[in-house]
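Participant: I am sharing upload07.cif, which consists of mmCIF, C-alpha atoms:
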data_my_file
#
loop_
_atom_site.label_atom_id
_atom_site.label_comp_id
_atom_site.auth_asym_id
_atom_site.auth_seq_id
_atom_site.Cartn_x
_atom_site.Cartn_y
_atom_site.Cartn_z
CA MET A 1 -26.59 177.76 54.30
CA ASN A 2 -29.11 175.00 54.93
CA TYR A 3 -31.73 175.18 52.18
CA ILE A 4 -35.12 173.58 52.66
CA THR A 5 -35.04 172.51 49.01
CA SER A 6 -32.95 172.63 45.84
CA VAL A 7 -34.87 173.50 42.68
CA ILE A 8 -33.22 171.97 39.62
CA ILE A 9 -34.13 173.72 36.36
CA SER A 10 -33.27 172.00 33.08
CA PHE A 11 -32.10 174.59 30.53
CA TYR A 12 -30.83 174.92 26.99
CA ASN A 13 -30.22 178.31 25.33
CA LYS A 14 -33.69 179.88 25.85
CA ILE A 15 -32.42 182.63 28.11
CA ASP A 16 -35.41 184.97 27.63
CA VAL A 17 -37.80 182.25 28.80
CA LEU A 18 -35.52 181.38 31.73
CA LYS A 19 -35.73 185.02 32.83
CA LEU A 20 -39.50 184.60 33.17
CA VAL A 21 -39.05 181.40 35.17
CA LEU A 22 -36.54 183.01 37.54
CA SER A 23 -38.87 186.01 37.96
CA GLY A 24 -41.51 183.57 39.16
CA PHE A 25 -39.12 182.23 41.78
CA GLU A 26 -38.35 185.75 42.98
CA ARG A 27 -41.93 186.04 44.27
CA GLN A 28 -42.20 182.70 46.08
CA SER A 29 -43.95 182.63 49.45
CA GLU A 30 -41.29 180.12 50.63
CA VAL A 31 -37.89 181.78 50.30
CA ASN A 32 -35.42 179.26 51.78
CA PHE A 33 -34.32 177.51 48.59
CA GLU A 34 -31.51 177.37 46.08
CA ILE A 35 -31.71 177.04 42.31
CA VAL A 36 -29.44 174.74 40.30
CA ILE A 37 -29.45 175.37 36.54
CA ALA A 38 -28.91 172.05 34.74
CA ASP A 39 -27.56 173.35 31.42
CA ASP A 40 -27.49 170.82 28.58
CA GLY A 41 -24.72 172.58 26.64
CA SER A 42 -25.98 176.12 25.99
CA SER A 43 -23.95 178.37 23.70
CA GLU A 44 -21.26 180.73 24.98
CA PRO A 45 -23.43 183.87 24.53
CA ALA A 46 -26.31 182.25 26.46
CA VAL A 47 -23.98 181.16 29.27
CA ARG A 48 -22.42 184.61 29.42
CA GLU A 49 -25.85 186.24 29.77
CA LEU A 50 -26.88 183.67 32.37
CA LYS A 51 -23.79 184.51 34.45
CA GLN A 52 -24.80 188.19 34.35
CA ILE A 53 -28.29 187.30 35.51
CA MET A 54 -26.90 185.20 38.36
CA GLU A 55 -24.67 188.06 39.54
CA GLY A 56 -27.60 190.49 39.75
CA SER A 57 -30.23 188.08 41.04
CA PRO A 58 -31.58 188.06 44.61
CA LEU A 59 -31.82 184.28 44.28
CA SER A 60 -29.14 181.75 45.19
CA ILE A 61 -28.29 180.23 41.79
CA SER A 62 -25.60 177.79 40.71
CA HIS A 63 -24.89 176.69 37.14
CA ILE A 64 -24.01 173.13 36.07
CA TRP A 65 -22.97 172.85 32.40
CA HIS A 66 -21.63 170.21 30.07
CA GLN A 67 -20.64 170.28 26.42
CA ASP A 68 -23.41 170.17 23.83
CA GLN A 69 -23.58 166.62 22.46
CA GLY A 70 -27.22 166.58 21.45
CA TRP A 71 -30.09 165.91 23.85
CA GLN A 72 -28.37 164.81 27.07
CA LYS A 73 -30.88 166.20 29.54
CA ASN A 74 -30.83 163.13 31.78
CA ALA A 75 -27.05 163.31 32.12
CA ILE A 76 -27.00 166.97 33.15
CA LEU A 77 -29.90 166.41 35.56
CA ASN A 78 -27.87 163.70 37.26
CA LYS A 79 -24.94 166.09 37.62
CA ALA A 80 -27.26 168.72 39.09
CA ILE A 81 -28.70 166.22 41.58
CA VAL A 82 -25.19 165.50 42.86
CA ALA A 83 -24.43 169.24 43.10
CA ALA A 84 -27.66 170.10 44.95
CA ARG A 85 -27.00 171.22 48.53
CA SER A 86 -30.39 170.37 50.00
CA ASP A 87 -31.61 166.90 50.90
CA TYR A 88 -34.90 167.64 49.11
CA ILE A 89 -35.12 168.10 45.33
CA ILE A 90 -37.71 169.79 43.11
CA ILE A 91 -37.20 169.28 39.37
CA ILE A 92 -38.75 171.54 36.72
CA ASP A 93 -38.19 172.52 33.09
CA GLY A 94 -36.72 175.86 32.05
CA ASP A 95 -39.94 176.88 30.30
CA CYS A 96 -42.30 176.45 33.28
CA ILE A 97 -43.13 179.53 35.37
CA PRO A 98 -44.09 178.73 38.98
CA HIS A 99 -47.17 179.89 40.86
CA ARG A 100 -46.38 181.98 43.94
CA HIS A 101 -46.94 179.03 46.31
CA PHE A 102 -45.23 176.44 44.11
CA ILE A 103 -42.31 175.73 46.45
CA LYS A 104 -44.43 176.01 49.59
CA GLU A 105 -46.84 173.32 48.36
CA HIS A 106 -44.02 170.92 47.51
CA VAL A 107 -42.14 171.29 50.79
CA GLN A 108 -45.27 171.22 52.97
CA ALA A 109 -46.28 167.84 51.56
CA LYS A 110 -42.84 166.21 51.41
CA ASP A 111 -42.11 162.94 53.14
CA HIS A 112 -39.56 160.14 52.86
CA HIS A 113 -40.24 157.50 50.20
CA LEU A 114 -42.88 159.81 48.70
CA VAL A 115 -42.87 161.39 45.23
CA LEU A 116 -44.90 164.56 44.75
CA THR A 117 -46.02 165.50 41.27
CA GLY A 118 -47.90 168.61 40.19
CA ARG A 119 -49.47 169.72 36.94
CA ARG A 120 -49.11 172.63 34.54
CA VAL A 121 -51.12 174.98 32.35
CA LEU A 122 -50.16 175.11 28.67
CA LEU A 123 -50.12 178.79 27.77
CA SER A 124 -51.16 179.92 24.32
CA LYS A 125 -48.70 181.65 22.02
CA ARG A 126 -50.57 184.94 22.57
CA VAL A 127 -50.35 184.82 26.35
CA SER A 128 -46.74 183.59 26.30
CA GLU A 129 -45.65 186.47 24.09
CA SER A 130 -47.35 188.97 26.39
CA LEU A 131 -45.15 188.02 29.34
CA THR A 132 -42.25 190.04 30.69
CA PRO A 133 -40.14 189.44 33.82
CA GLU A 134 -41.80 192.42 35.51
CA ARG A 135 -45.28 191.16 34.71
CA VAL A 136 -44.41 187.77 36.14
CA ARG A 137 -43.06 189.38 39.33
CA ARG A 138 -46.36 191.26 39.71
CA GLY A 139 -48.32 187.99 39.50
CA TYR A 140 -49.80 188.70 36.08
CA LEU A 141 -50.57 185.04 35.32
CA GLU A 142 -52.50 184.63 38.55
CA HIS A 143 -54.32 187.97 38.33
CA ILE A 144 -55.69 187.43 34.81
CA LEU A 145 -56.87 183.94 35.73
CA LEU A 146 -60.66 184.05 35.20
CA PRO A 147 -60.95 186.16 32.01
CA TRP A 148 -57.94 184.42 30.51
CA MET A 149 -59.29 180.96 31.30
CA VAL A 150 -62.61 181.72 29.61
CA LEU A 151 -60.95 183.18 26.52
CA GLU A 152 -58.39 180.40 26.16
CA ARG A 153 -61.06 177.73 26.59
CA LEU A 154 -63.38 179.33 24.03
CA THR A 155 -60.64 179.84 21.43
CA GLY A 156 -58.99 176.47 22.04
CA LYS A 157 -55.52 178.04 22.03
CA GLY A 158 -54.49 177.10 25.56
CA ALA A 159 -54.70 173.70 27.19
CA PHE A 160 -55.31 172.41 30.72
CA VAL A 161 -56.28 175.96 31.71
CA GLU A 162 -58.37 174.53 34.58
CA ASN A 163 -55.06 173.52 36.21
CA ALA A 164 -54.52 177.20 36.97
CA LEU A 165 -57.10 177.10 39.76
CA TYR A 166 -55.41 177.22 43.17
CA PHE A 167 -57.40 175.91 46.13
CA ARG A 168 -56.64 176.72 49.76
CA TRP A 169 -59.40 174.59 51.31
CA THR A 170 -58.20 171.25 52.64
CA TRP A 171 -61.36 169.31 51.84
CA ILE A 172 -61.23 170.36 48.16
CA ARG A 173 -57.54 169.49 47.98
CA LYS A 174 -58.20 165.97 49.21
CA ILE A 175 -61.04 165.39 46.75
CA LEU A 176 -59.13 166.71 43.73
CA ASN A 177 -56.01 164.67 44.43
CA LYS A 178 -57.51 161.25 45.09
CA LYS A 179 -56.82 160.08 41.54
CA ASP A 180 -53.47 158.42 40.84
CA ARG A 181 -51.73 160.47 38.16
CA GLY A 182 -48.39 159.81 36.53
CA LEU A 183 -45.17 161.67 37.21
CA LEU A 184 -44.76 164.90 35.24
CA GLY A 185 -41.09 165.48 34.44
CA SER A 186 -41.42 169.26 34.61
CA ASN A 187 -43.04 169.31 38.04
CA PHE A 188 -42.07 166.77 40.68
CA SER A 189 -40.13 166.46 43.91
CA LEU A 190 -38.69 163.90 46.31
CA HIS A 191 -35.85 163.43 48.78
CA LYS A 192 -32.38 163.31 47.28
CA GLU A 193 -31.68 159.98 48.94
CA ASP A 194 -34.75 158.54 47.21
CA LEU A 195 -33.46 159.65 43.81
CA LEU A 196 -30.11 158.10 44.63
CA ALA A 197 -31.85 154.86 45.59
CA VAL A 198 -32.76 154.33 41.91
CA ASN A 199 -29.49 155.96 40.70
CA GLY A 200 -31.19 159.00 39.21
CA PHE A 201 -32.08 159.26 35.54
CA ASP A 202 -31.20 156.63 32.93
CA GLU A 203 -28.72 158.45 30.66
CA ARG A 204 -29.29 156.16 27.68
CA TYR A 205 -32.39 158.18 26.78
CA GLN A 206 -31.32 160.80 24.26
CA ALA A 207 -34.68 162.28 23.27
CA PRO A 208 -37.51 163.88 25.27
CA TYR A 209 -40.97 162.88 26.53
CA VAL A 210 -40.52 159.28 27.72
CA GLY A 211 -37.14 158.57 29.34
CA GLU A 212 -36.97 161.64 31.53
CA ASP A 213 -40.17 160.92 33.46
CA THR A 214 -41.96 157.72 32.40
CA ASP A 215 -38.88 155.58 32.97
CA LEU A 216 -38.09 157.24 36.30
CA GLU A 217 -41.68 156.82 37.49
CA PHE A 218 -41.61 153.11 36.61
CA ARG A 219 -38.39 152.55 38.53
CA LEU A 220 -39.54 154.53 41.57
CA ARG A 221 -42.79 152.56 41.74
CA LEU A 222 -40.80 149.34 41.36
CA HIS A 223 -38.82 150.39 44.42
CA GLY A 224 -42.05 150.83 46.37
CA PHE A 225 -42.18 154.62 46.52
CA ALA A 226 -45.60 156.19 47.03
CA PHE A 227 -46.92 158.98 44.81
CA ARG A 228 -49.02 161.98 45.86
CA HIS A 229 -50.43 164.55 43.49
CA LEU A 230 -50.46 168.31 43.86
CA LYS A 231 -52.91 169.28 41.14
CA HIS A 232 -54.34 172.77 41.78
CA LEU A 233 -51.62 173.23 44.42
CA ALA A 234 -48.11 173.17 42.88
CA ILE A 235 -49.06 175.01 39.68
CA GLN A 236 -46.87 175.83 36.69
CA TYR A 237 -47.48 177.92 33.58
CA HIS A 238 -45.80 176.35 30.55
CA PHE A 239 -44.43 178.82 27.98
CA HIS A 240 -45.69 178.04 24.48
CA HIS A 241 -43.29 176.44 21.98
CA GLN A 242 -43.25 173.78 19.30
CA ARG A 243 -42.84 170.25 20.60
CA LEU A 244 -39.63 168.37 19.80
CA ALA A 245 -39.70 165.13 17.86
CA LEU A 246 -40.29 161.91 19.77
CA ASN A 247 -37.64 159.24 19.27
CA GLU A 248 -39.17 155.77 19.03
CA SER A 249 -36.01 154.26 20.56
CA ASN A 250 -37.21 155.63 23.90
CA TYR A 251 -40.03 153.11 23.90
CA THR A 252 -37.61 150.28 23.18
CA LEU A 253 -35.50 151.23 26.19
CA LEU A 254 -38.55 151.61 28.41
CA ASP A 255 -39.97 148.26 27.34
CA ASP A 256 -36.61 146.60 28.00
CA ASN A 257 -36.41 148.11 31.50
CA LYS A 258 -39.93 146.94 32.27
CA LYS A 259 -39.22 143.40 31.07
CA ARG A 260 -36.07 143.24 33.16
CA GLY A 261 -37.77 144.84 36.17
CA ILE A 262 -34.89 147.28 36.59
CA GLY A 263 -35.34 149.71 39.48
CA TYR A 264 -31.76 150.79 40.06
CA THR A 265 -30.40 151.74 36.66
CA PRO A 266 -26.70 151.01 36.00
CA PHE A 267 -26.77 153.93 33.54
CA GLY A 268 -27.38 156.71 36.03
CA ILE A 269 -25.43 158.79 38.55
CA ASN A 270 -23.19 155.98 39.72
CA LYS A 271 -21.51 154.40 36.69
CA GLN A 272 -20.08 151.48 38.66
CA PRO A 273 -21.72 148.07 38.06
CA ILE A 274 -23.90 146.78 40.88
#
What would the structure in this file look like if it were written as structure tokens?
Facilitator:
Amino acid sequence: MNYITSVIISFYNKIDVLKLVLSGFERQSEVNFEIVIADDGSSEPAVRELKQIMEGSPLSISHIWHQDQGWQKNAILNKAIVAARSDYIIIIDGDCIPHRHFIKEHVQAKDHHLVLTGRRVLLSKRVSESLTPERVRRGYLEHILLPWMVLERLTGKGAFVENALYFRWTWIRKILNKKDRGLLGSNFSLHKEDLLAVNGFDERYQAPYVGEDTDLEFRLRLHGFAFRHLKHLAIQYHFHHQRLALNESNYTLLDDNKKRGIGYTPFGINKQPI
């Protein structure tokens, strides 16, 4: 089957949260897509349950797994990019639930040599714990928008709640997305050939928050790719959890890449020297 896009979801063990994410994809307004689970070494019980979900799901899902050797997200994302069957790639995290028009907004705006990047809402612990797959399928996060936004803003428990606003009017879209915003690793898309042009993700990064998106953005810009933002269009709802520790070595790698002006990383999909 020719899919209009491949959605790559990074995943590690949090199967209950992944169920919410997949429920969000079951209600997409654009239905011609596949899902590739990029599994960074989940346990045998989690993989077994995931296989059961895949068998009963109406979605087209494939599962790419490698052995758990610590945080190797960039490596498994590269494997998933190779396995993707569409020529257009959307990359998200396994704790980000998509808005109903998430895929539609990405594929409508796609173009060659163009990177699209959306934004997300950081759900509070209270709202996150209230979610079920059935509630997500019914559009619960979109339906409770206004009262939830007011409450979360007043209590200070959620963050970026204004990102939940979805605008259909073209003139508002253009105004809101004039600003140049950085790539968000949990919500971006581009053509597969454009990812391959920079050799995917740099696999030397072995901790989150910098190498998986900041480094990739730098290298894509170095290659001359344009960026367009889909704030208030390609919306995600981020499930609440504690942040992982930031490894300072990420900054050392990033600084070295910037000094060298490296666009095509020799530590990516293709391991052959250039």
Participant: Check the smallest atom-to-atom distance from each of A:Asn270, A:Ser130, A:Gln28, A:Asn13 to Phe102 (chain A) using all atoms listed in the file, then report the winner.
Facilitator: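 When distances to Phe102 (chain A) are compared using all atoms listed in the file, the smallest one comes from A:Gln28.
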Participant: Written as a VMD selection string, which residues does the PyMOL selection byres ((chain A and resi 25) around 12) give for the file shown?
Facilitator: chain A and resid 7 9 18 to 24 26 to 35 57 to 61 92 94 96 to 104 133 136 to 139 236
Participant: Quick one: everything within 7 Å of His191 (chain A), counting only C-alpha atoms, minus sequence neighbours fewer than 3 positions away in the same chain. Send it as a list in words.
Facilitator: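 The residues satisfying every condition are Asp87, Tyr88, Ile89, His112, Asp194 and Leu195 of chain A.
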Participant: Would you mind reading off the distance between CA of Arg221 (chain A) and CA of Val198 (chain A), one decimal, in Å?
Facilitator: 10.2 Å
Participant: Determine the residue membership of the PyMOL selection byres ((chain A and resi 192) around 12) for the file above and supply it as number ranges by chain.
Facilitator: A: 4-8, 78, 80-91, 110-115, 189-191, 193-200
Participant: Could you tell me which residues the PyMOL selection byres ((chain A and resi 227) around 12) returns for this structure, as number ranges by chain?
Facilitator: A: 109-118, 177-184, 188-190, 217-218, 220-226, 228-230
Participant: To one decimal place in Å, what is the distance between CA of Asn250 (chain A) and CA of Phe11 (chain A)?
Facilitator: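 Taking CA of Asn250 (chain A) as the start and CA of Phe11 (chain A) as the end point, the length is 20.7 Å.
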Participant: One number please: CA of Phe201 (chain A) to CA of Leu216 (chain A), in Å, one decimal.
Facilitator: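 Those two atoms sit 6.4 Å apart.
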Participant: Have a look at A:Tyr140, A:Leu233, A:Leu77, A:Asp255 and name the one nearest to Gln108 (chain A); count all atoms listed in the file.
Facilitator: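 Counting all atoms listed in the file, the residue closest to Gln108 (chain A) is A:Leu233.
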Participant: Go ahead and find all residues with at least one atom no further than 12 Å from (-38.1, 165.0, 27.2) in the file's coordinates, using all atoms listed in the file; report them as JSON, numbers by chain.
Facilitator: {"A": [10, 11, 71, 72, 73, 74, 77, 92, 93, 94, 184, 185, 186, 201, 203, 205, 206, 207, 208, 209, 210, 211, 212, 213, 214, 215, 216, 243, 244, 245, 246, 247, 250]}
